[in-house]
$ cat model-v5.cif   # mmCIF, C-alpha atoms
data_final
#
loop_
_atom_site.label_atom_id
_atom_site.label_comp_id
_atom_site.auth_asym_id
_atom_site.auth_seq_id
_atom_site.Cartn_x
_atom_site.Cartn_y
_atom_site.Cartn_z
CA MET I 224 169.87 37.15 -61.97
CA ALA I 225 172.49 37.95 -64.59
CA LEU I 226 172.71 34.28 -65.59
CA LYS I 227 168.93 34.12 -65.83
CA PHE I 228 168.93 37.19 -68.05
CA LYS I 229 171.59 35.67 -70.28
CA ARG I 230 169.66 32.44 -70.62
CA LYS I 231 166.54 34.36 -71.55
CA THR I 232 168.52 36.34 -74.13
CA PHE I 233 169.96 33.17 -75.65
CA TYR I 234 166.49 31.65 -75.68
CA ASN I 235 165.00 34.69 -77.45
CA ILE I 236 167.74 34.65 -80.10
CA HIS I 237 167.31 30.91 -80.64
CA SER I 238 163.53 31.25 -80.92
CA TRP I 239 163.69 34.21 -83.29
CA VAL I 240 166.09 32.36 -85.58
CA GLY I 241 163.82 29.30 -85.51
CA ILE I 242 160.66 31.06 -86.64
CA THR I 243 162.27 33.36 -89.23
CA ALA I 244 164.91 31.13 -90.78
CA GLY I 245 163.79 27.61 -89.88
CA LEU I 246 162.08 26.75 -93.16
CA LEU I 247 164.88 27.87 -95.44
CA LEU I 248 167.46 26.33 -93.13
CA PHE I 249 165.54 23.06 -93.43
CA ILE I 250 165.74 23.20 -97.25
CA ILE I 251 169.48 23.93 -97.22
CA CYS I 252 170.22 21.11 -94.74
CA TRP I 253 167.84 18.72 -96.52
CA SER I 254 169.45 19.34 -99.90
CA GLY I 255 172.91 19.01 -98.36
CA SER I 256 171.97 15.61 -96.94
CA ILE I 257 171.15 14.35 -100.43
CA ALA I 258 174.26 16.02 -101.88
CA VAL I 259 176.40 13.78 -99.65
CA PHE I 260 175.36 10.73 -101.69
CA SER I 261 174.76 12.48 -105.02
CA ASN I 262 177.59 10.68 -106.84
CA GLU I 263 176.34 7.31 -105.63
CA ILE I 264 172.79 8.23 -106.68
CA ASP I 265 174.04 9.10 -110.17
CA TRP I 266 175.79 5.73 -110.28
CA LEU I 267 172.53 3.95 -109.44
CA LEU I 268 170.45 5.97 -111.90
CA ASN I 269 172.86 5.95 -114.84
CA PRO I 270 174.08 2.51 -116.03
CA ASN I 271 176.75 4.25 -118.15
CA ILE I 272 178.69 5.09 -115.01
CA GLN I 273 178.70 1.46 -113.94
CA SER I 274 181.31 -1.08 -114.99
CA ASN I 275 181.59 -4.85 -114.77
CA PHE I 276 185.37 -4.58 -114.66
CA THR I 277 185.72 -5.04 -110.89
CA THR I 278 189.49 -4.81 -110.56
CA THR I 279 189.80 -1.30 -111.98
CA HIS I 280 190.31 0.52 -108.73
CA ASN I 281 193.51 -1.39 -107.93
CA GLN I 282 195.05 -0.95 -111.38
CA PRO I 283 196.56 2.30 -112.71
CA VAL I 284 194.70 3.96 -115.54
CA ASP I 285 196.40 4.08 -118.92
CA TRP I 286 195.94 7.83 -119.36
CA GLN I 287 197.31 7.78 -122.91
CA LYS I 288 194.63 5.32 -124.03
CA ALA I 289 191.91 7.34 -122.32
CA TYR I 290 193.19 10.58 -123.91
CA ASP I 291 193.40 9.00 -127.38
CA SER I 292 189.93 7.50 -127.06
CA PHE I 293 188.45 10.92 -126.27
CA HIS I 294 190.09 12.67 -129.23
CA ASN I 295 189.29 9.84 -131.63
CA ARG I 296 185.62 10.19 -130.69
CA TYR I 297 185.57 14.00 -130.38
CA PRO I 298 188.32 15.44 -132.64
CA ASP I 299 186.97 18.99 -132.39
CA ALA I 300 186.15 19.00 -128.66
CA LYS I 301 188.29 20.39 -125.86
CA LEU I 302 189.06 17.96 -123.03
CA GLY I 303 188.49 19.26 -119.51
CA GLU I 304 189.57 16.38 -117.31
CA LEU I 305 189.99 12.62 -117.03
CA THR I 306 189.29 10.89 -113.72
CA GLU I 307 189.98 7.34 -112.61
CA PRO I 308 187.04 5.22 -111.35
CA PRO I 309 186.45 6.17 -107.69
CA LYS I 310 185.96 2.51 -106.81
CA SER I 311 185.40 -0.90 -108.37
CA GLY I 312 182.29 -1.03 -110.51
CA TYR I 313 182.68 2.51 -111.85
CA SER I 314 183.78 3.67 -115.31
CA ILE I 315 186.60 6.06 -116.12
CA ASN I 316 184.94 9.43 -116.54
CA GLY I 317 185.63 12.95 -117.67
CA TRP I 318 184.13 16.03 -119.17
CA GLY I 319 184.77 18.16 -122.21
CA ARG I 320 183.45 21.08 -124.21
CA LYS I 321 182.32 20.80 -127.81
CA ALA I 322 183.06 23.38 -130.50
CA SER I 323 179.51 24.71 -129.95
CA GLY I 324 180.44 25.49 -126.34
CA GLN I 325 178.30 22.73 -124.85
CA LEU I 326 179.67 20.95 -121.78
CA PHE I 327 179.25 17.18 -121.66
CA ARG I 328 180.32 14.15 -119.65
CA PHE I 329 181.64 10.92 -121.08
CA TYR I 330 182.35 7.45 -119.70
CA LEU I 331 185.03 4.97 -120.78
CA ASP I 332 185.06 1.24 -120.29
CA PRO I 333 188.06 0.62 -118.00
CA ALA I 334 188.92 -2.64 -119.79
CA SER I 335 188.72 -1.60 -123.46
CA TYR I 336 189.08 2.20 -123.03
CA GLN I 337 186.22 2.66 -125.47
CA ILE I 338 183.78 5.45 -124.76
CA LYS I 339 180.58 3.83 -123.54
CA ALA I 340 178.31 6.84 -123.50
CA GLU I 341 177.99 10.60 -123.48
CA THR I 342 175.60 12.52 -121.25
CA THR I 343 174.80 16.12 -120.50
CA TYR I 344 176.94 17.79 -117.84
CA PHE I 345 173.80 18.17 -115.74
CA ASN I 346 173.12 15.31 -113.30
CA VAL I 347 172.04 14.68 -109.71
CA GLN I 348 175.42 15.72 -108.33
CA ARG I 349 175.39 18.99 -110.26
CA PHE I 350 171.80 19.79 -109.22
CA PHE I 351 172.31 19.32 -105.49
CA ARG I 352 175.78 20.85 -105.43
CA SER I 353 174.59 24.02 -107.18
CA PHE I 354 171.38 24.24 -105.16
CA HIS I 355 172.98 23.58 -101.78
CA MET I 356 175.99 25.85 -102.27
CA SER I 357 174.36 28.85 -103.93
CA LEU I 358 170.63 28.26 -104.66
CA PHE I 359 171.76 28.04 -108.31
CA ASP I 360 173.43 31.43 -107.94
CA PRO I 361 170.67 33.71 -109.29
CA ARG I 362 172.89 36.55 -110.47
CA VAL I 363 170.43 39.37 -109.95
CA SER I 364 172.75 41.35 -107.70
CA GLN I 365 175.74 41.24 -105.38
CA ILE I 366 175.91 42.02 -101.66
CA PHE I 367 179.30 43.30 -100.45
CA GLY I 368 180.82 41.85 -103.60
CA VAL I 369 179.28 38.39 -103.11
CA ASN I 370 176.81 36.87 -105.58
CA LEU I 371 173.34 36.82 -104.01
CA GLY I 372 172.90 33.03 -103.83
CA TYR I 373 176.27 32.44 -102.21
CA PHE I 374 175.64 35.29 -99.78
CA ILE I 375 172.28 33.88 -98.65
CA VAL I 376 173.58 30.33 -98.13
CA GLY I 377 176.74 31.61 -96.43
CA CYS I 378 174.66 33.68 -94.04
CA PHE I 379 172.67 30.58 -93.18
CA GLY I 380 175.92 28.90 -92.19
CA LEU I 381 176.33 31.69 -89.64
CA ILE I 382 172.66 31.38 -88.64
CA LEU I 383 173.10 27.64 -88.04
CA MET I 384 176.15 28.29 -85.88
CA VAL I 385 174.32 30.94 -83.82
CA SER I 386 171.26 28.71 -83.45
CA THR I 387 173.38 25.75 -82.30
CA ILE I 388 175.32 27.75 -79.72
CA THR I 389 172.36 29.68 -78.27
CA GLY I 390 170.24 26.52 -78.12
CA PHE I 391 172.88 24.86 -75.98
CA LEU I 392 173.56 27.90 -73.75
CA PHE I 393 169.96 28.35 -72.59
CA TYR I 394 169.36 24.63 -72.00
CA LYS I 395 169.29 23.86 -68.27
CA LYS I 396 170.46 20.45 -67.06
CA TRP I 397 171.40 19.51 -70.59
CA ARG I 398 173.17 16.30 -69.52
CA SER I 399 169.85 14.65 -68.76
CA GLY I 400 168.51 15.56 -72.20
CA PHE I 401 170.67 13.01 -74.03
CA PHE I 402 168.23 10.24 -73.15
CA GLN I 403 165.01 12.11 -72.35
CA LEU I 404 161.97 11.54 -74.56
CA ASN I 405 158.51 11.65 -73.01
CA LEU I 406 156.00 9.78 -75.14
CA ASN I 407 152.92 10.14 -72.91
CA LYS I 408 152.76 13.85 -72.10
CA GLY I 409 151.20 15.27 -75.24
CA ALA I 410 152.38 16.16 -78.73
CA ARG I 411 153.96 19.49 -77.77
CA ARG I 412 156.08 17.92 -75.03
CA LEU I 413 157.06 15.10 -77.39
CA TRP I 414 158.22 17.53 -80.08
CA SER I 415 160.06 19.62 -77.49
CA ASP I 416 161.90 16.61 -76.07
CA ALA I 417 162.67 15.31 -79.56
CA HIS I 418 164.05 18.72 -80.56
CA LYS I 419 166.31 18.84 -77.50
CA LEU I 420 167.37 15.20 -77.86
CA ILE I 421 168.35 15.53 -81.52
CA GLY I 422 169.94 18.92 -80.85
CA LEU I 423 172.26 17.57 -78.17
CA TRP I 424 173.38 14.55 -80.17
CA SER I 425 173.99 16.65 -83.28
CA LEU I 426 175.59 19.60 -81.47
CA TRP I 427 179.05 18.82 -82.88
CA PHE I 428 177.66 18.49 -86.39
CA GLY I 429 175.72 21.75 -86.26
CA LEU I 430 178.87 23.58 -85.20
CA LEU I 431 180.98 21.88 -87.88
CA ILE I 432 178.54 22.62 -90.71
CA GLY I 433 177.91 26.12 -89.39
CA ILE I 434 181.64 26.94 -89.26
CA THR I 435 182.45 25.48 -92.68
CA GLY I 436 179.30 27.00 -94.22
CA THR I 437 180.30 30.43 -92.87
CA TRP I 438 183.81 29.90 -94.24
CA TYR I 439 182.41 29.57 -97.78
CA LEU I 440 181.10 33.12 -97.36
CA LEU I 441 184.39 34.41 -95.96
CA GLU I 442 186.26 32.93 -98.94
CA TRP I 443 184.83 35.70 -101.09
CA TRP I 444 186.76 38.32 -99.11
CA LEU I 445 189.89 36.42 -98.06
CA PRO I 446 193.01 36.08 -100.23
CA GLU I 447 193.16 32.81 -102.19
CA PRO I 448 196.19 30.54 -101.89
CA PRO I 449 198.77 31.24 -104.62
CA HIS I 450 198.50 29.37 -107.89
CA VAL I 451 200.34 29.21 -111.19
CA ASP I 452 199.89 32.44 -113.15
CA THR I 453 199.04 31.63 -116.77
CA SER I 454 198.09 35.15 -117.85
CA GLU I 455 201.38 35.62 -119.76
CA ARG I 456 201.35 32.20 -121.40
CA VAL I 457 200.17 31.94 -125.02
CA ILE I 458 198.54 29.12 -126.97
CA LYS I 459 201.08 26.44 -127.83
CA ASP I 460 201.45 24.14 -130.81
CA LYS I 461 200.29 20.71 -129.66
CA GLU I 462 202.51 19.06 -132.26
CA THR I 463 205.49 19.95 -130.04
CA TYR I 464 203.97 18.42 -126.88
CA LEU I 465 205.34 15.34 -125.20
CA SER I 466 202.85 12.47 -125.23
CA ILE I 467 200.51 11.89 -122.30
CA ASP I 468 202.37 8.66 -121.62
CA GLN I 469 205.72 10.49 -121.45
CA LEU I 470 204.31 13.21 -119.22
CA THR I 471 202.75 10.64 -116.89
CA LYS I 472 206.09 8.87 -116.47
CA LEU I 473 207.79 12.18 -115.73
CA ALA I 474 205.11 13.05 -113.15
CA ASN I 475 205.61 9.66 -111.48
CA ASN I 476 209.38 10.17 -111.39
CA LYS I 477 209.21 13.69 -109.99
CA TYR I 478 206.45 12.92 -107.45
CA PRO I 479 206.75 9.15 -106.80
CA GLU I 480 204.46 9.11 -103.73
CA LEU I 481 201.57 10.59 -105.74
CA LYS I 482 198.93 8.11 -106.89
CA ILE I 483 197.58 9.90 -109.95
CA GLN I 484 193.78 9.95 -109.93
CA ARG I 485 192.98 12.81 -112.28
CA LEU I 486 194.44 14.69 -115.23
CA PHE I 487 193.29 18.30 -115.41
CA PHE I 488 193.55 19.95 -118.84
CA HIS I 489 192.41 23.48 -117.95
CA ASN I 490 195.61 25.10 -119.27
CA TYR I 491 196.59 22.39 -121.73
CA ASP I 492 196.32 24.80 -124.68
CA LYS I 493 198.91 26.97 -122.93
CA GLY I 494 201.29 24.05 -122.49
CA LEU I 495 200.45 22.94 -118.93
CA LEU I 496 199.02 19.66 -117.65
CA SER I 497 198.12 18.97 -114.01
CA PHE I 498 198.41 15.51 -112.46
CA GLU I 499 196.34 15.30 -109.28
CA GLY I 500 195.65 12.61 -106.73
CA ASP I 501 196.53 11.07 -103.38
CA ASP I 502 199.93 11.05 -101.69
CA GLY I 503 198.70 9.68 -98.38
CA SER I 504 197.85 13.06 -96.83
CA LEU I 505 194.72 13.19 -94.69
CA LEU I 506 191.71 15.43 -95.16
CA VAL I 507 192.59 17.18 -98.40
CA ARG I 508 190.65 17.18 -101.64
CA LYS I 509 191.97 15.48 -104.76
CA ARG I 510 193.42 18.60 -106.37
CA THR I 511 195.66 19.45 -103.41
CA ALA I 512 198.47 16.95 -104.05
CA HIS I 513 199.50 17.71 -107.62
CA ILE I 514 202.29 18.32 -110.05
CA ILE I 515 201.96 20.63 -113.07
CA LEU I 516 204.26 19.91 -116.00
CA ASP I 517 205.25 21.93 -119.04
CA THR I 518 203.91 19.80 -121.90
CA GLN I 519 206.83 20.70 -124.20
CA SER I 520 209.85 20.33 -121.91
CA GLY I 521 208.41 18.11 -119.17
CA LYS I 522 209.70 20.59 -116.58
CA ALA I 523 207.80 20.73 -113.27
CA ILE I 524 206.15 24.16 -113.10
CA GLU I 525 204.62 23.43 -109.71
CA LEU I 526 204.88 20.50 -107.30
CA GLN I 527 202.54 20.85 -104.35
CA LYS I 528 202.60 18.47 -101.39
CA PRO I 529 199.89 18.96 -98.76
CA LYS I 530 202.34 18.33 -95.89
CA ASN I 531 204.35 21.39 -96.99
CA LEU I 532 201.41 23.79 -97.14
CA PRO I 533 200.98 26.52 -94.51
CA VAL I 534 198.01 26.05 -92.16
CA TYR I 535 195.94 28.68 -93.96
CA GLU I 536 196.37 27.08 -97.39
CA ARG I 537 195.85 23.58 -96.01
CA TRP I 538 192.56 24.70 -94.45
CA TRP I 539 191.32 25.87 -97.85
CA GLU I 540 191.78 22.33 -99.15
CA THR I 541 190.17 20.69 -96.11
CA VAL I 542 186.92 22.64 -95.74
CA ASP I 543 185.10 20.89 -98.59
CA LEU I 544 185.75 17.44 -97.14
CA LEU I 545 184.64 18.51 -93.66
CA HIS I 546 181.47 20.08 -95.04
CA PHE I 547 180.35 17.20 -97.27
CA GLY I 548 181.89 14.24 -95.44
CA ASN I 549 183.63 12.66 -98.43
CA PHE I 550 186.85 11.76 -96.60
CA ALA I 551 186.26 8.17 -95.41
CA GLY I 552 184.08 6.60 -98.07
CA LEU I 553 180.58 5.41 -97.31
CA TRP I 554 181.22 5.43 -93.55
CA SER I 555 181.72 9.19 -93.30
CA LYS I 556 179.05 9.87 -95.91
CA GLY I 557 176.54 7.74 -94.00
CA LEU I 558 177.32 9.63 -90.79
CA TYR I 559 176.91 12.99 -92.51
CA PHE I 560 173.66 11.90 -94.13
CA ILE I 561 172.17 10.84 -90.77
CA PHE I 562 173.17 14.02 -89.00
CA GLY I 563 172.19 16.14 -92.01
CA ILE I 564 168.68 14.71 -91.70
CA ALA I 565 168.88 15.46 -87.97
CA LEU I 566 169.62 19.14 -88.68
CA SER I 567 166.73 19.19 -91.16
CA ILE I 568 164.37 17.85 -88.49
CA LEU I 569 165.71 20.35 -85.95
CA SER I 570 164.99 23.23 -88.31
CA LEU I 571 161.36 22.16 -88.79
CA THR I 572 160.64 21.22 -85.19
CA GLY I 573 162.28 24.40 -83.91
CA ALA I 574 160.14 26.55 -86.18
CA TYR I 575 157.05 24.53 -85.23
CA LEU I 576 157.65 24.82 -81.47
CA GLN I 577 158.26 28.56 -81.65
CA ALA I 578 155.07 29.02 -83.70
CA GLN I 579 153.11 27.14 -81.04
CA ARG I 580 154.64 29.23 -78.25
CA GLN I 581 153.71 32.43 -80.05
CA LYS I 582 150.13 31.22 -80.36
CA LEU I 583 149.93 30.66 -76.61
CA LYS I 584 151.64 33.95 -75.80
CA SER I 585 150.12 36.41 -78.26
CA GLY I 586 147.17 34.61 -79.78
CA VAL I 587 146.63 32.83 -83.07
CA LYS I 588 146.21 35.94 -85.24
CA LYS I 589 149.45 37.63 -84.18
CA ALA I 590 151.38 34.40 -84.33
CA ARG I 591 150.07 33.69 -87.80
CA LYS I 592 151.62 36.91 -89.10
CA SER I 593 155.15 35.81 -88.24
CA ILE I 594 154.48 32.35 -89.68
CA ILE I 595 153.18 33.81 -92.94
CA VAL I 596 156.13 36.21 -93.15
CA ALA I 597 158.57 33.29 -92.69
CA TYR I 598 156.75 31.26 -95.33
CA ILE I 599 156.64 34.14 -97.83
CA PHE I 600 160.35 34.82 -97.26
CA THR I 601 161.10 31.16 -97.98
CA VAL I 602 158.95 31.14 -101.11
CA LEU I 603 160.59 34.30 -102.46
CA ILE I 604 164.09 32.89 -101.97
CA LEU I 605 163.04 29.61 -103.58
CA GLY I 606 161.52 31.58 -106.45
CA LEU I 607 164.94 33.14 -107.08
CA ALA I 608 166.47 29.66 -106.89
CA VAL I 609 164.02 28.34 -109.49
CA TRP I 610 164.89 31.20 -111.81
CA GLY I 611 168.61 30.65 -111.29
CA GLY I 612 168.15 26.89 -111.71
CA ILE I 613 166.41 27.26 -115.05
CA ASN I 614 169.21 29.52 -116.30
CA GLU I 615 171.93 27.12 -115.18
CA ILE I 616 170.28 23.92 -116.40
CA THR I 617 169.36 25.28 -119.82
CA GLY I 618 172.97 26.51 -120.08
CA TYR I 619 174.00 22.85 -120.28
CA GLY I 620 171.71 22.28 -123.26
CA ILE I 621 172.07 23.28 -126.89
CA ASN I 622 171.15 26.88 -127.74
CA GLY I 623 169.49 27.43 -124.37
CA ASN I 624 167.27 24.33 -124.55
CA TRP I 625 166.82 21.80 -121.77
CA PRO I 626 169.64 19.24 -121.82
CA GLN I 627 168.90 15.64 -122.72
CA THR I 628 169.05 14.24 -119.21
CA PRO I 629 168.35 10.58 -118.40
CA THR I 630 164.72 10.07 -117.41
CA SER I 631 165.76 8.43 -114.14
CA VAL I 632 167.70 11.55 -113.13
CA VAL I 633 164.78 13.85 -113.98
CA CYS I 634 162.38 11.62 -112.01
CA PHE I 635 164.64 11.57 -108.94
CA ILE I 636 165.08 15.34 -108.88
CA GLY I 637 161.35 15.83 -109.53
CA LEU I 638 160.47 13.47 -106.68
CA TRP I 639 162.78 15.33 -104.31
CA ILE I 640 161.15 18.65 -105.23
CA ILE I 641 157.65 17.20 -104.70
CA VAL I 642 158.60 15.76 -101.30
CA THR I 643 160.16 19.08 -100.25
CA VAL I 644 157.08 21.10 -101.24
CA TYR I 645 154.86 18.55 -99.48
CA ILE I 646 156.87 18.85 -96.24
CA LEU I 647 156.66 22.66 -96.31
CA THR I 648 152.93 22.56 -97.03
CA LEU I 649 152.36 20.02 -94.25
CA TRP I 650 154.31 22.24 -91.86
CA MET I 651 152.07 25.20 -92.73
CA LYS I 652 148.94 23.13 -92.08
CA LYS I 653 150.27 22.04 -88.68
CA VAL I 654 150.95 25.59 -87.49
CA LYS I 655 148.06 27.46 -89.14
#
$ encode --input "model-v5.cif" --output "structure tokens"
Amino acid sequence: MALKFKRKTFYNIHSWVGITAGLLLFIICWSGSIAVFSNEIDWLLNPNIQSNFTTTHNQPVDWQKAYDSFHNRYPDAKLGELTEPPKSGYSINGWGRKASGQLFRFYLDPASYQIKAETTYFNVQRFFRSFHMSLFDPRVSQIFGVNLGYFIVGCFGLILMVSTITGFLFYKKWRSGFFQLNLNKGARRLWSDAHKLIGLWSLWFGLLIGITGTWYLLEWWLPEPPHVDTSERVIKDKETYLSIDQLTKLANNKYPELKIQRLFFHNYDKGLLSFEGDDGSLLVRKRTAHIILDTQSGKAIELQKPKNLPVYERWWETVDLLHFGNFAGLWSKGLYFIFGIALSILSLTGAYLQAQRQKLKSGVKKARKSIIVAYIFTVLILGLAVWGGINEITGYGINGNWPQTPTSVVCFIGLWIIVTVYILTLWMKKVK
């Protein structure tokens, strides 16, 4: 009797989550699925990112040439970072900030080191990253010290985890559900079987995304790993700096196992330059393995090897890769995309099934109230996201205007928005 009560409790929690949070959870999972391949989508949509120089990825970047090319083209701009091509067929890329304050991206030909093009900082990757992580962070208020957008998305990480666990705990004879899909017993039975089937196969993924999504919320309250304190450092005279070429050689000598993939210039004015990349460590983001040099003396201010990090600090550098799947190239990204779509389908079918059950149990009128409340809640949150999105995107333009974004990028984002609205509208028609 106690077990039966527990199963009923788990079922009620799972059902309540489905009808109240299913639509917004769908949007978050759906946007995250696209975010997995956002860099590749930008590559397809923007020819400036592409390169015919196919051997680039196996050859070290001449960072001095890239640095000189940037400053020859933009003498008054501040360089943010330089990044090697992620694979053959890509250009060297980076971003900077003009004297006006405008952020921009630029792309260098990896053969000639000439700047091929400049674009706005806003692109497909930026859109889906900002939307998926924080709903464009509409800064209307904070909750427990957390910006509203981050708090909402972080809570949905917890909601996904609860939904995944409770869905499994109330499922009787779950082993048989891995291959059960009745096609001839009506639409409701088909959707129910499909929901269970997809849920079982994506159980591991729902837990992984739920845990890492919840972690992003916890990061607001937990202590950050230590980093170099630059608060006491003052602006330095760049005439006294060692050259980029000299600093690169020193970085290679002091950290020989590091394959330098990025130069980060965040504190360059204060006499620091960070060399970041890959030293063979598994499941850490690019910034983890790094060496920071004093640009005047060449002294190593910080040399960080992932293998030497405590578990807590190592976890901070691993979460992003586990959440977005960018740790094994297209193979891991493809897997994450497939299971991200699976979670999106689960969110919609779960909300749909619960709406149908409420109709049978309490009648159409009472059930419709909960459906309308869920839909209004979703629309209100999305309204905040639109407002936050407009503020962020226009911030990448000049004087608050819309940035000059490639037409292909605008069309792709517009198409995704149309498809998303269509899916939500179709869902409402099915459950009305």
$ residues_around --input "model-v5.cif" --residues "segment 352-364 of chain I" --least-positions-apart "3" --cutoff "6 Å" --atoms "only C-alpha atoms" --output "list in words"
Ile251, Ser254, Gly255, Gln348, Arg349, Leu371, Gly372, Tyr373, Ala608, Gly611 and Gly612 of chain I
$ write_last_selection --input "model-v5.cif" --atoms "C-alpha atoms" --output "JSON list (two decimals), in the frame of the given file"
[["chain", "number", "residue", "atom", "x", "y", "z"],
["I", 251, "ILE", "CA", 169.48, 23.93, -97.22],
["I", 254, "SER", "CA", 169.45, 19.34, -99.90],
["I", 255, "GLY", "CA", 172.91, 19.01, -98.36],
["I", 348, "GLN", "CA", 175.42, 15.72, -108.33],
["I", 349, "ARG", "CA", 175.39, 18.99, -110.26],
["I", 371, "LEU", "CA", 173.34, 36.82, -104.01],
["I", 372, "GLY", "CA", 172.90, 33.03, -103.83],
["I", 373, "TYR", "CA", 176.27, 32.44, -102.21],
["I", 608, "ALA", "CA", 166.47, 29.66, -106.89],
["I", 611, "GLY", "CA", 168.61, 30.65, -111.29],
["I", 612, "GLY", "CA", 168.15, 26.89, -111.71]]
$ atom_distance --input "model-v5.cif" --atom1 "atom CA of Arg485 of chain I" --atom2 "atom CA of His513 of chain I"
9.4 Å
$ atom_distance --input "model-v5.cif" --atom1 "atom CA of Leu465 of chain I" --atom2 "atom CA of Lys522 of chain I"
11.0 Å
$ closest_residue --input "model-v5.cif" --among "I:Trp286, I:Phe260, I:Trp610, I:Phe367" --to "Leu470 of chain I" --atoms "all atoms listed in the file"
I:Trp286
$ residues_near_point --input "model-v5.cif" --point "(178.9, 18.3, -86.2)" --cutoff "10 Å" --atoms "all atoms listed in the file" --output "list in words"
Trp424, Ser425, Leu426, Trp427, Phe428, Gly429, Leu430, Leu431, Ile432, Gly433, Ile434, Leu545, His546, Leu558, Tyr559, Phe562, Gly563 and Leu566 of chain I
$ write_last_selection --input "model-v5.cif" --atoms "C-alpha atoms" --output "PDB file, in the coordinates of the input"
ATOM      1  CA  TRP I 424     173.380  14.550 -80.170  1.00  0.00           C
ATOM      2  CA  SER I 425     173.990  16.650 -83.280  1.00  0.00           C
ATOM      3  CA  LEU I 426     175.590  19.600 -81.470  1.00  0.00           C
ATOM      4  CA  TRP I 427     179.050  18.820 -82.880  1.00  0.00           C
ATOM      5  CA  PHE I 428     177.660  18.490 -86.390  1.00  0.00           C
ATOM      6  CA  GLY I 429     175.720  21.750 -86.260  1.00  0.00           C
ATOM      7  CA  LEU I 430     178.870  23.580 -85.200  1.00  0.00           C
ATOM      8  CA  LEU I 431     180.980  21.880 -87.880  1.00  0.00           C
ATOM      9  CA  ILE I 432     178.540  22.620 -90.710  1.00  0.00           C
ATOM     10  CA  GLY I 433     177.910  26.120 -89.390  1.00  0.00           C
ATOM     11  CA  ILE I 434     181.640  26.940 -89.260  1.00  0.00           C
ATOM     12  CA  LEU I 545     184.640  18.510 -93.660  1.00  0.00           C
ATOM     13  CA  HIS I 546     181.470  20.080 -95.040  1.00  0.00           C
ATOM     14  CA  LEU I 558     177.320   9.630 -90.790  1.00  0.00           C
ATOM     15  CA  TYR I 559     176.910  12.990 -92.510  1.00  0.00           C
ATOM     16  CA  PHE I 562     173.170  14.020 -89.000  1.00  0.00           C
ATOM     17  CA  GLY I 563     172.190  16.140 -92.010  1.00  0.00           C
ATOM     18  CA  LEU I 566     169.620  19.140 -88.680  1.00  0.00           C
TER      19      LEU I 566
END
$ residues_around --input "model-v5.cif" --residues "Ser454 of chain I" --least-positions-apart "4" --cutoff "12 Å" --atoms "only C-alpha atoms" --output "PyMOL selection string"
chain I and resi 450+458+490+493
$ residues_around --input "model-v5.cif" --residues "segment 624-632 of chain I" --least-positions-apart "6" --cutoff "8 Å" --atoms "only C-alpha atoms" --output "PyMOL selection string"
chain I and resi 265+268-269+342-343+345-347+616-618
$ resolve_selection --input "model-v5.cif" --expression "the PyMOL selection byres ((chain I and resi 567-576) around 9)" --output "short mmCIF file (atom, residue, chain, number, x, y, z; two decimals) with C-alpha atoms, in the frame of the given file"
data_model
loop_
_atom_site.label_atom_id
_atom_site.label_comp_id
_atom_site.auth_asym_id
_atom_site.auth_seq_id
_atom_site.Cartn_x
_atom_site.Cartn_y
_atom_site.Cartn_z
CA HIS I 237 167.31 30.91 -80.64
CA SER I 238 163.53 31.25 -80.92
CA TRP I 239 163.69 34.21 -83.29
CA VAL I 240 166.09 32.36 -85.58
CA GLY I 241 163.82 29.30 -85.51
CA ILE I 242 160.66 31.06 -86.64
CA THR I 243 162.27 33.36 -89.23
CA ALA I 244 164.91 31.13 -90.78
CA GLY I 245 163.79 27.61 -89.88
CA LEU I 246 162.08 26.75 -93.16
CA LEU I 247 164.88 27.87 -95.44
CA LEU I 248 167.46 26.33 -93.13
CA PHE I 249 165.54 23.06 -93.43
CA ILE I 250 165.74 23.20 -97.25
CA ILE I 251 169.48 23.93 -97.22
CA CYS I 252 170.22 21.11 -94.74
CA TRP I 253 167.84 18.72 -96.52
CA SER I 256 171.97 15.61 -96.94
CA ARG I 411 153.96 19.49 -77.77
CA TRP I 414 158.22 17.53 -80.08
CA SER I 415 160.06 19.62 -77.49
CA ALA I 417 162.67 15.31 -79.56
CA HIS I 418 164.05 18.72 -80.56
CA LYS I 419 166.31 18.84 -77.50
CA ILE I 421 168.35 15.53 -81.52
CA GLY I 422 169.94 18.92 -80.85
CA PHE I 562 173.17 14.02 -89.00
CA GLY I 563 172.19 16.14 -92.01
CA ILE I 564 168.68 14.71 -91.70
CA ALA I 565 168.88 15.46 -87.97
CA LEU I 566 169.62 19.14 -88.68
CA GLN I 577 158.26 28.56 -81.65
CA ALA I 578 155.07 29.02 -83.70
CA GLN I 579 153.11 27.14 -81.04
CA ARG I 580 154.64 29.23 -78.25
CA GLN I 581 153.71 32.43 -80.05
CA ILE I 594 154.48 32.35 -89.68
CA LEU I 647 156.66 22.66 -96.31
CA TRP I 650 154.31 22.24 -91.86
CA LYS I 653 150.27 22.04 -88.68
CA VAL I 654 150.95 25.59 -87.49
#
$ closest_residue --input "model-v5.cif" --among "I:Pro270, I:Leu638, I:Pro309, I:Leu302" --to "Gln325 of chain I" --atoms "all atoms listed in the file"
I:Leu302
$ residues_around --input "model-v5.cif" --residues "Glu499 of chain I" --least-positions-apart "3" --cutoff "10 Å" --atoms "only C-alpha atoms" --output "ChimeraX atom specification"
/I:306,474,481-487,496,502,508-515,527
$ closest_residue --input "model-v5.cif" --among "I:Glu442, I:Glu536, I:Asp517, I:Glu462" --to "Phe488 of chain I" --atoms "all atoms listed in the file"
I:Asp517
$ atom_distance --input "model-v5.cif" --atom1 "atom CA of Leu445 of chain I" --atom2 "atom CA of Val385 of chain I"
21.8 Å
